[in-house]
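Structure below is final.txt: compact mmCIF, C-alpha atoms.
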# COMPACT_ATOMS: atom_id res chain seq x y z
CA MET D 1 235.87 193.33 88.84
CA SER D 2 233.82 194.42 91.83
CA ASN D 3 236.07 194.27 94.89
CA ILE D 4 238.10 191.11 94.20
CA SER D 5 238.02 189.07 97.39
CA LEU D 6 240.28 186.18 96.43
CA ILE D 7 242.86 185.20 93.81
CA ILE D 8 243.28 181.45 93.28
CA GLU D 9 246.39 180.28 91.43
CA GLU D 10 246.55 176.99 89.54
CA ARG D 11 248.20 174.23 91.60
CA PRO D 12 249.76 171.23 89.82
CA HIS D 13 247.88 167.99 90.39
CA ASP D 14 248.56 164.50 89.04
CA ILE D 15 245.46 162.70 87.78
CA GLY D 16 247.29 159.52 86.84
CA ASN D 17 249.49 159.90 83.80
CA PHE D 18 248.67 163.55 83.23
CA MET D 19 249.28 166.78 85.15
CA VAL D 20 246.53 169.38 85.44
CA GLY D 21 246.19 172.79 87.05
CA ARG D 22 243.76 172.46 89.98
CA LEU D 23 241.74 175.64 90.69
CA LEU D 24 238.67 174.49 92.65
CA PRO D 25 238.12 173.40 95.35
CA PHE D 26 240.47 175.71 97.28
CA ARG D 27 240.94 175.89 101.03
CA GLY D 28 239.75 179.50 101.09
CA LYS D 29 236.88 178.97 98.66
CA ARG D 30 235.33 175.54 98.24
CA THR D 31 232.66 176.55 95.71
CA VAL D 32 231.55 179.41 93.46
CA GLY D 33 227.78 179.16 93.22
CA PRO D 34 227.13 175.50 92.34
CA PHE D 35 230.60 175.11 90.75
CA ILE D 36 232.58 172.80 93.01
CA PHE D 37 235.57 171.67 90.93
CA LEU D 38 237.68 173.15 88.11
CA ASP D 39 240.77 171.67 86.47
CA HIS D 40 242.75 173.25 83.64
CA MET D 41 244.17 170.49 81.43
CA GLY D 42 247.32 171.39 79.47
CA PRO D 43 248.15 172.70 77.04
CA ALA D 44 250.13 169.50 76.64
CA CYS D 45 251.98 168.27 73.57
CA MET D 46 251.77 164.50 73.75
CA GLY D 47 254.15 162.45 71.68
CA GLU D 48 253.63 159.15 69.94
CA TYR D 49 252.24 156.56 72.39
CA GLN D 50 251.65 159.20 75.09
CA ASN D 51 247.94 158.96 75.75
CA ILE D 52 245.25 159.83 78.25
CA ASP D 53 243.97 156.71 79.97
CA VAL D 54 241.70 157.34 82.94
CA PRO D 55 240.14 153.92 83.72
CA PRO D 56 236.54 153.49 84.89
CA HIS D 57 235.78 155.51 88.03
CA PRO D 58 232.50 156.48 89.73
CA HIS D 59 230.67 159.75 90.45
CA ILE D 60 227.62 160.66 92.52
CA GLY D 61 225.75 163.89 93.23
CA LEU D 62 227.21 166.09 90.48
CA SER D 63 227.32 166.92 86.80
CA THR D 64 230.63 166.97 84.95
CA LEU D 65 231.32 169.40 82.12
CA THR D 66 234.20 168.83 79.71
CA TYR D 67 235.17 171.64 77.33
CA LEU D 68 238.22 171.38 75.07
CA PHE D 69 240.30 174.04 73.34
CA GLU D 70 242.54 171.51 71.57
CA GLY D 71 242.65 167.75 71.19
CA SER D 72 240.11 165.00 71.67
CA ILE D 73 238.89 162.67 74.45
CA MET D 74 236.80 159.52 74.13
CA HIS D 75 234.14 159.27 76.83
CA ARG D 76 232.55 155.91 77.74
CA ASP D 77 230.10 155.37 80.57
CA SER D 78 227.88 152.85 82.32
CA LEU D 79 224.83 154.10 80.41
CA GLY D 80 226.45 152.67 77.29
CA VAL D 81 227.35 156.10 75.89
CA GLU D 82 230.48 156.28 73.76
CA MET D 83 231.16 159.87 72.67
CA GLU D 84 234.25 161.64 71.38
CA ILE D 85 234.49 165.27 72.45
CA LYS D 86 236.32 167.78 70.26
CA PRO D 87 237.15 171.49 70.71
CA GLY D 88 234.14 173.77 71.13
CA GLN D 89 231.78 170.94 72.07
CA VAL D 90 230.35 170.19 75.51
CA ASN D 91 230.09 166.84 77.27
CA TRP D 92 227.66 167.10 80.21
CA MET D 93 227.39 163.97 82.34
CA THR D 94 224.95 163.94 85.25
CA ALA D 95 225.93 161.36 87.86
CA GLY D 96 222.89 161.60 90.13
CA LYS D 97 222.71 158.43 92.23
CA GLY D 98 225.70 156.95 90.45
CA ILE D 99 227.54 156.60 87.14
CA VAL D 100 230.88 155.17 86.04
CA HIS D 101 232.93 156.53 83.14
CA SER D 102 236.36 156.36 81.53
CA GLU D 103 238.29 158.98 79.57
CA ARG D 104 240.88 158.00 76.99
CA THR D 105 242.69 159.18 73.89
CA PRO D 106 240.66 158.00 70.87
CA GLU D 107 242.07 154.92 69.18
CA TYR D 108 242.90 156.69 65.90
CA LEU D 109 245.16 159.21 67.72
CA ARG D 110 247.00 156.83 70.03
CA ALA D 111 250.05 156.30 67.79
CA SER D 112 250.51 159.91 66.67
CA ASP D 113 251.60 163.26 68.11
CA LYS D 114 248.70 165.18 69.62
CA MET D 115 247.70 168.16 71.77
CA LEU D 116 245.33 168.28 74.70
CA HIS D 117 244.01 171.47 76.28
CA GLY D 118 240.73 172.15 78.02
CA LEU D 119 238.65 172.51 81.18
CA GLN D 120 237.06 169.86 83.36
CA ILE D 121 234.35 171.15 85.68
CA TRP D 122 232.05 169.68 88.32
CA VAL D 123 228.72 171.26 89.17
CA ALA D 124 226.99 170.18 92.38
CA MET D 125 223.33 169.19 92.12
CA PRO D 126 220.40 170.54 94.15
CA LYS D 127 219.71 168.44 97.25
CA GLY D 128 216.41 167.14 95.88
CA LEU D 129 218.05 165.89 92.67
CA GLU D 130 221.22 164.33 94.05
CA ASP D 131 219.65 160.87 93.81
CA MET D 132 218.17 161.23 90.31
CA ASP D 133 218.90 158.78 87.51
CA PRO D 134 222.17 159.43 85.68
CA SER D 135 222.17 160.92 82.17
CA PHE D 136 224.50 162.18 79.45
CA TYR D 137 224.20 165.09 77.01
CA HIS D 138 226.53 166.11 74.19
CA ALA D 139 226.29 169.58 72.64
CA SER D 140 227.89 170.20 69.26
CA GLU D 141 229.63 173.54 68.75
CA ASP D 142 226.92 174.92 66.46
CA VAL D 143 224.17 174.78 69.14
CA ILE D 144 226.06 176.77 71.79
CA PRO D 145 224.80 180.41 71.86
CA THR D 146 227.39 182.89 70.53
CA TRP D 147 227.22 186.62 69.88
CA GLU D 148 229.41 189.71 69.64
CA ASN D 149 229.18 192.98 71.55
CA ASP D 150 231.53 195.91 70.94
CA GLY D 151 234.10 193.66 69.30
CA VAL D 152 234.10 191.09 72.11
CA ALA D 153 233.04 187.52 71.23
CA TYR D 154 230.73 185.85 73.78
CA LYS D 155 229.81 182.18 74.12
CA LEU D 156 227.34 180.81 76.69
CA ILE D 157 228.66 177.31 77.37
CA ALA D 158 226.11 176.50 80.07
CA GLY D 159 223.26 178.18 81.94
CA THR D 160 221.54 181.48 81.22
CA ALA D 161 222.83 185.04 80.72
CA PHE D 162 222.26 188.05 78.47
CA GLY D 163 218.83 186.75 77.47
CA HIS D 164 220.39 183.55 76.07
CA LYS D 165 220.07 179.97 77.26
CA SER D 166 222.52 177.17 76.57
CA PRO D 167 220.96 173.82 75.58
CA VAL D 168 223.11 172.06 78.20
CA PRO D 169 220.52 170.69 80.70
CA VAL D 170 221.63 172.27 83.98
CA TYR D 171 219.66 171.79 87.22
CA SER D 172 220.20 175.11 89.01
CA LYS D 173 220.66 178.80 88.26
CA LEU D 174 224.17 179.17 86.87
CA PHE D 175 226.25 180.51 83.98
CA LEU D 176 229.53 179.64 82.26
CA LEU D 177 230.58 182.29 79.75
CA GLU D 178 233.54 182.53 77.39
CA LEU D 179 234.72 186.03 76.42
CA LYS D 180 237.39 186.58 73.77
CA SER D 181 238.79 189.86 72.50
CA THR D 182 241.53 190.73 70.03
CA ASN D 183 241.52 194.38 71.16
CA GLU D 184 241.48 196.16 74.51
CA LYS D 185 237.89 196.79 75.62
CA THR D 186 236.02 197.96 78.71
CA ILE D 187 233.51 195.35 79.91
CA LYS D 188 230.44 196.21 81.98
CA ILE D 189 228.25 193.16 82.51
CA GLY D 190 227.41 193.12 86.22
CA HIS D 191 223.71 193.62 85.62
CA GLU D 192 223.61 190.42 83.52
CA LEU D 193 224.99 188.11 86.22
CA PHE D 194 223.70 186.76 89.53
CA GLY D 195 224.75 184.89 92.64
CA GLU D 196 228.45 184.26 93.23
CA VAL D 197 230.79 185.22 90.39
CA ALA D 198 234.35 184.30 89.44
CA MET D 199 236.60 184.80 86.42
CA TYR D 200 239.20 182.39 85.07
CA ILE D 201 241.87 183.99 82.89
CA LEU D 202 243.00 181.48 80.28
CA GLU D 203 245.28 183.71 78.20
CA GLY D 204 246.09 187.40 77.95
CA SER D 205 245.20 189.61 80.90
CA ILE D 206 242.56 191.87 82.41
CA GLU D 207 242.90 195.09 84.39
CA ASN D 208 240.81 196.28 87.31
CA GLN D 209 241.32 199.39 89.41
CA GLY D 210 244.80 199.85 87.93
CA ILE D 211 245.96 196.30 88.70
CA SER D 212 246.77 193.82 85.92
CA TYR D 213 245.89 190.13 86.37
CA GLU D 214 247.66 187.43 84.36
CA PRO D 215 246.56 183.93 83.22
CA LYS D 216 246.11 180.67 85.12
CA ARG D 217 244.21 182.12 88.06
CA ILE D 218 240.66 182.65 89.25
CA LEU D 219 239.49 186.04 90.49
CA VAL D 220 236.56 185.72 92.89
CA ALA D 221 234.25 188.72 93.29
CA LYS D 222 233.42 189.91 96.79
CA GLN D 223 229.95 191.00 95.71
CA ASP D 224 227.49 189.19 93.50
CA GLU D 225 228.31 191.04 90.31
CA LEU D 226 231.14 191.99 87.99
CA CYS D 227 230.94 195.75 87.62
CA GLU D 228 233.65 196.86 85.24
CA PHE D 229 237.05 195.66 84.04
CA THR D 230 239.30 196.06 81.00
CA ILE D 231 239.96 193.03 78.86
CA LYS D 232 243.33 193.38 77.15
CA GLU D 233 244.11 192.46 73.56
CA ASN D 234 244.26 188.77 72.61
CA THR D 235 242.63 187.67 75.86
CA SER D 236 240.34 184.76 76.64
CA ILE D 237 238.47 184.57 79.95
CA TYR D 238 235.75 182.39 81.47
CA ILE D 239 233.18 183.90 83.82
CA PHE D 240 231.19 181.44 85.89
CA GLY D 241 228.99 181.20 88.96
CA GLY D 242 225.38 181.33 90.01
CA GLU D 243 223.13 180.85 93.00
CA PRO D 244 224.82 178.93 95.85
CA PHE D 245 222.99 176.11 97.61
CA PRO D 246 221.81 176.62 101.20
CA GLU D 247 223.36 173.32 102.32
CA GLU D 248 227.05 172.48 102.53
CA ARG D 249 228.45 170.04 99.96
CA PHE D 250 230.91 167.36 101.04
CA ILE D 251 233.54 165.99 98.66
CA TYR D 252 235.40 162.72 98.86
CA TRP D 253 237.35 161.70 95.75
CA ASN D 254 234.76 161.71 92.93
CA PHE D 255 231.76 161.78 95.23
CA VAL D 256 229.79 164.95 96.04
CA SER D 257 226.81 165.06 98.35
CA SER D 258 224.97 167.08 100.97
CA SER D 259 225.09 163.89 103.09
CA LYS D 260 228.25 162.31 104.52
CA GLU D 261 226.30 159.07 104.92
CA THR D 262 225.57 158.97 101.18
CA ILE D 263 229.28 159.36 100.45
CA ASP D 264 230.12 156.56 102.88
CA GLU D 265 227.59 154.31 101.12
CA ALA D 266 229.16 155.16 97.74
CA LYS D 267 232.61 154.21 99.08
CA ILE D 268 231.34 150.78 100.08
CA LYS D 269 229.58 150.30 96.73
CA TRP D 270 232.77 151.08 94.83
CA GLN D 271 234.90 148.84 97.04
CA GLU D 272 232.43 146.02 96.47
CA GLN D 273 232.20 146.89 92.75
CA THR D 274 228.41 147.10 92.76
CA PHE D 275 228.28 150.32 90.72
CA PRO D 276 227.04 149.79 87.14
CA LYS D 277 229.71 148.68 84.66
CA ILE D 278 230.94 150.24 81.41
CA PRO D 279 230.29 147.81 78.55
CA GLY D 280 233.55 146.29 77.36
CA GLU D 281 235.74 147.67 80.18
CA THR D 282 236.97 145.57 83.11
CA GLU D 283 239.70 147.63 84.85
CA PHE D 284 238.88 150.31 87.43
CA VAL D 285 240.45 152.98 89.62
CA PRO D 286 240.69 151.73 93.23
CA LEU D 287 239.09 153.75 96.03
CA PRO D 288 241.80 156.02 97.52
CA THR D 289 243.01 155.04 100.97
Structure translated into structure tokens:
Amino acid sequence: MSNISLIIEERPHDIGNFMVGRLLPFRGKRTVGPFIFLDHMGPACMGEYQNIDVPPHPHIGLSTLTYLFEGSIMHRDSLGVEMEIKPGQVNWMTAGKGIVHSERTPEYLRASDKMLHGLQIWVAMPKGLEDMDPSFYHASEDVIPTWENDGVAYKLIAGTAFGHKSPVPVYSKLFLLELKSTNEKTIKIGHELFGEVAMYILEGSIENQGISYEPKRILVAKQDELCEFTIKENTSIYIFGGEPFPEERFIYWNFVSSSKETIDEAKIKWQEQTFPKIPGETEFVPLPT
């Protein structure tokens, strides 16, 4: 990696009845390109009657990306979408001016042993689109671009890179790449990337300038490219980033905006429960105090 400027370790964070590894935001690095939030969920072995139940909660000014390695989550939202996400698929929910969603273990898995492992990501929206209408997009595994180069398997989960384009409807210049290798290989891909760049090591390790880096951490590049690194055998990494926005983004709870006033308005709307409702759901997560 070109002059690693920062190493971010996972920090445990409770999201209700489930612990995750929080990676972004970080006090020393709030964003990487438009990526503003990254949680590593699991891997968690959940016993009988242990389930994910995140009640209805709101978002503004961002898109959420859910990508699973194991398990299943049922997504429901105020647009009326009800979609189960499984490993290798992508759920991309654009909040825009406001959306409400819940995330739960599907009904057919609730009384059985199960695994859950994946990534939850927030991508900030360009200032001119922060107030757009909300939308939802689901990508099945077979439409995500995949290819192999020198024995390394590549997958473009979102954005553009290497002459490929993911069907996920992003709103700014970005990329989220998965690289997997069963053998040790030298990777040189700096010329394919742009903007700010970071690498998340899921499993295995990589080596750069004689230093080995282990899983559950983000390596942030000082310059706007990854020059060269060695991916070790049986390693999975995620390289992400893109062009940063010129304006600062503010975060409060699930709200992201270039305007503090917009966030304050969203707080009042949620307290007064004037956000749109999810059909068939009545409970909600209270605004944090």
- Task: Take CA of Ile8 (chain D) and CA of Ser259 (chain D) and report the distance between them in Å, one decimal.
- Result: 27.1 Å
- Query: region 105-116 of chain D: which residues within 6 Å, counting all atoms listed in the file, same-chain residues fewer than 2 positions away excluded, as a list in words?
  - Reply: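 Selected residues are Pro43, Ala44, Cys45, Met46, Gly47, Glu48, Tyr49, Asn51, Ile52, Glu70, Gly71, Ile73 and Met74 of chain D.
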- Report the distance between CA of Val152 (chain D) and CA of Leu179 (chain D) in Å, rounded to one decimal place.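 For CA of Val152 (chain D) relative to CA of Leu179 (chain D), the distance reads 6.7 Å.
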Tell me which protein, DNA and RNA residues are within 12 Å of Phe284 (chain D), counting all atoms listed in the file, leaving out same-chain ones fewer than 2 positions away, and put them as a PDB file with C-alpha atoms, in the coordinates of the input.
ATOM      1  CA  ASP D  53     243.970 156.710  79.970  1.00  0.00           C
ATOM      2  CA  VAL D  54     241.700 157.340  82.940  1.00  0.00           C
ATOM      3  CA  PRO D  55     240.140 153.920  83.720  1.00  0.00           C
ATOM      4  CA  PRO D  56     236.540 153.490  84.890  1.00  0.00           C
ATOM      5  CA  HIS D  57     235.780 155.510  88.030  1.00  0.00           C
ATOM      6  CA  PRO D  58     232.500 156.480  89.730  1.00  0.00           C
ATOM      7  CA  VAL D 100     230.880 155.170  86.040  1.00  0.00           C
ATOM      8  CA  HIS D 101     232.930 156.530  83.140  1.00  0.00           C
ATOM      9  CA  SER D 102     236.360 156.360  81.530  1.00  0.00           C
ATOM     10  CA  GLU D 103     238.290 158.980  79.570  1.00  0.00           C
ATOM     11  CA  TRP D 270     232.770 151.080  94.830  1.00  0.00           C
ATOM     12  CA  GLN D 271     234.900 148.840  97.040  1.00  0.00           C
ATOM     13  CA  GLU D 272     232.430 146.020  96.470  1.00  0.00           C
ATOM     14  CA  GLN D 273     232.200 146.890  92.750  1.00  0.00           C
ATOM     15  CA  PHE D 275     228.280 150.320  90.720  1.00  0.00           C
ATOM     16  CA  PRO D 276     227.040 149.790  87.140  1.00  0.00           C
ATOM     17  CA  LYS D 277     229.710 148.680  84.660  1.00  0.00           C
ATOM     18  CA  ILE D 278     230.940 150.240  81.410  1.00  0.00           C
ATOM     19  CA  GLU D 281     235.740 147.670  80.180  1.00  0.00           C
ATOM     20  CA  THR D 282     236.970 145.570  83.110  1.00  0.00           C
ATOM     21  CA  PRO D 286     240.690 151.730  93.230  1.00  0.00           C
ATOM     22  CA  LEU D 287     239.090 153.750  96.030  1.00  0.00           C
ATOM     23  CA  PRO D 288     241.800 156.020  97.520  1.00  0.00           C
TER      24      PRO D 288
END
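If you measure from each of D:Asn91, D:Ser172, D:Thr186, D:Asn254 to Phe136 (chain D) using all atoms listed in the file, the closest one turns out to be D:Asn91.
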- Item | Residue contacts of Phe240 (chain D) (7 Å, all atoms listed in the file) excluding same-chain residues fewer than 2 positions away, as a ChimeraX atom specification | /D:175-177,197-199,238
Write the selection just made, keeping C-alpha atoms, as a PDB file, keeping the file's coordinate frame?
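part-v8.pdb was written with the following content:
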ATOM      1  CA  PHE D 175     226.250 180.510  83.980  1.00  0.00           C
ATOM      2  CA  LEU D 176     229.530 179.640  82.260  1.00  0.00           C
ATOM      3  CA  LEU D 177     230.580 182.290  79.750  1.00  0.00           C
ATOM      4  CA  VAL D 197     230.790 185.220  90.390  1.00  0.00           C
ATOM      5  CA  ALA D 198     234.350 184.300  89.440  1.00  0.00           C
ATOM      6  CA  MET D 199     236.600 184.800  86.420  1.00  0.00           C
ATOM      7  CA  TYR D 238     235.750 182.390  81.470  1.00  0.00           C
TER       8      TYR D 238
END
- Item | From D:Arg249, D:Lys173, D:Arg217, D:Arg27, residue lying nearest Leu62 (chain D) [only C-alpha atoms] | D:Arg249
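In this model, the gap between CA of Val256 (chain D) and CA of Thr66 (chain D) comes to 17.4 Å.
Of the listed residues (D:Ile60, D:Leu119, D:Val168, D:Val285), D:Ile60 comes nearest to Asp131 (chain D); the distances count only C-alpha atoms.
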- Query: Taking only C-alpha atoms into account, which of D:Tyr154, D:Phe69, D:Gly241, D:Phe250 comes nearest Glu203 (chain D)?
  - Reply: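 Result for the nearest residue to Glu203 (chain D): D:Phe69.
In terms of minimum interatomic distance to Gly128 (chain D), D:Phe245 ranks closest within D:Phe162, D:Met93, D:Lys269, D:Phe245, counting all atoms listed in the file.
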- Query: Pick from D:Gly33, D:Pro12, D:Gly98, D:Gly88: nearest to Thr274 (chain D), with all atoms listed in the file counted?
  - Reply: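 Nearest candidate to Thr274 (chain D) out of D:Gly33, D:Pro12, D:Gly98, D:Gly88: D:Gly98.
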- Could you tell me, as a PyMOL selection string, which residues have any atom at most 10 Å from (237.3, 179.5, 97.8), counting all atoms listed in the file? chain D and resi 5-8+23-32+36+218+220
Around the point (228.7, 178.9, 74.6) (coordinates from the file), which residues reach within 9 Å if we count only C-alpha atoms? Answer as a short mmCIF file (atom, residue, chain, number, x, y, z; two decimals) with C-alpha atoms, in the coordinates of the input.
data_model
loop_
_atom_site.label_atom_id
_atom_site.label_comp_id
_atom_site.auth_asym_id
_atom_site.auth_seq_id
_atom_site.Cartn_x
_atom_site.Cartn_y
_atom_site.Cartn_z
CA GLY D 88 234.14 173.77 71.13
CA GLN D 89 231.78 170.94 72.07
CA VAL D 90 230.35 170.19 75.51
CA GLU D 141 229.63 173.54 68.75
CA VAL D 143 224.17 174.78 69.14
CA ILE D 144 226.06 176.77 71.79
CA PRO D 145 224.80 180.41 71.86
CA THR D 146 227.39 182.89 70.53
CA TYR D 154 230.73 185.85 73.78
CA LYS D 155 229.81 182.18 74.12
CA LEU D 156 227.34 180.81 76.69
CA ILE D 157 228.66 177.31 77.37
CA ALA D 158 226.11 176.50 80.07
CA SER D 166 222.52 177.17 76.57
CA LEU D 176 229.53 179.64 82.26
CA LEU D 177 230.58 182.29 79.75
CA GLU D 178 233.54 182.53 77.39
#
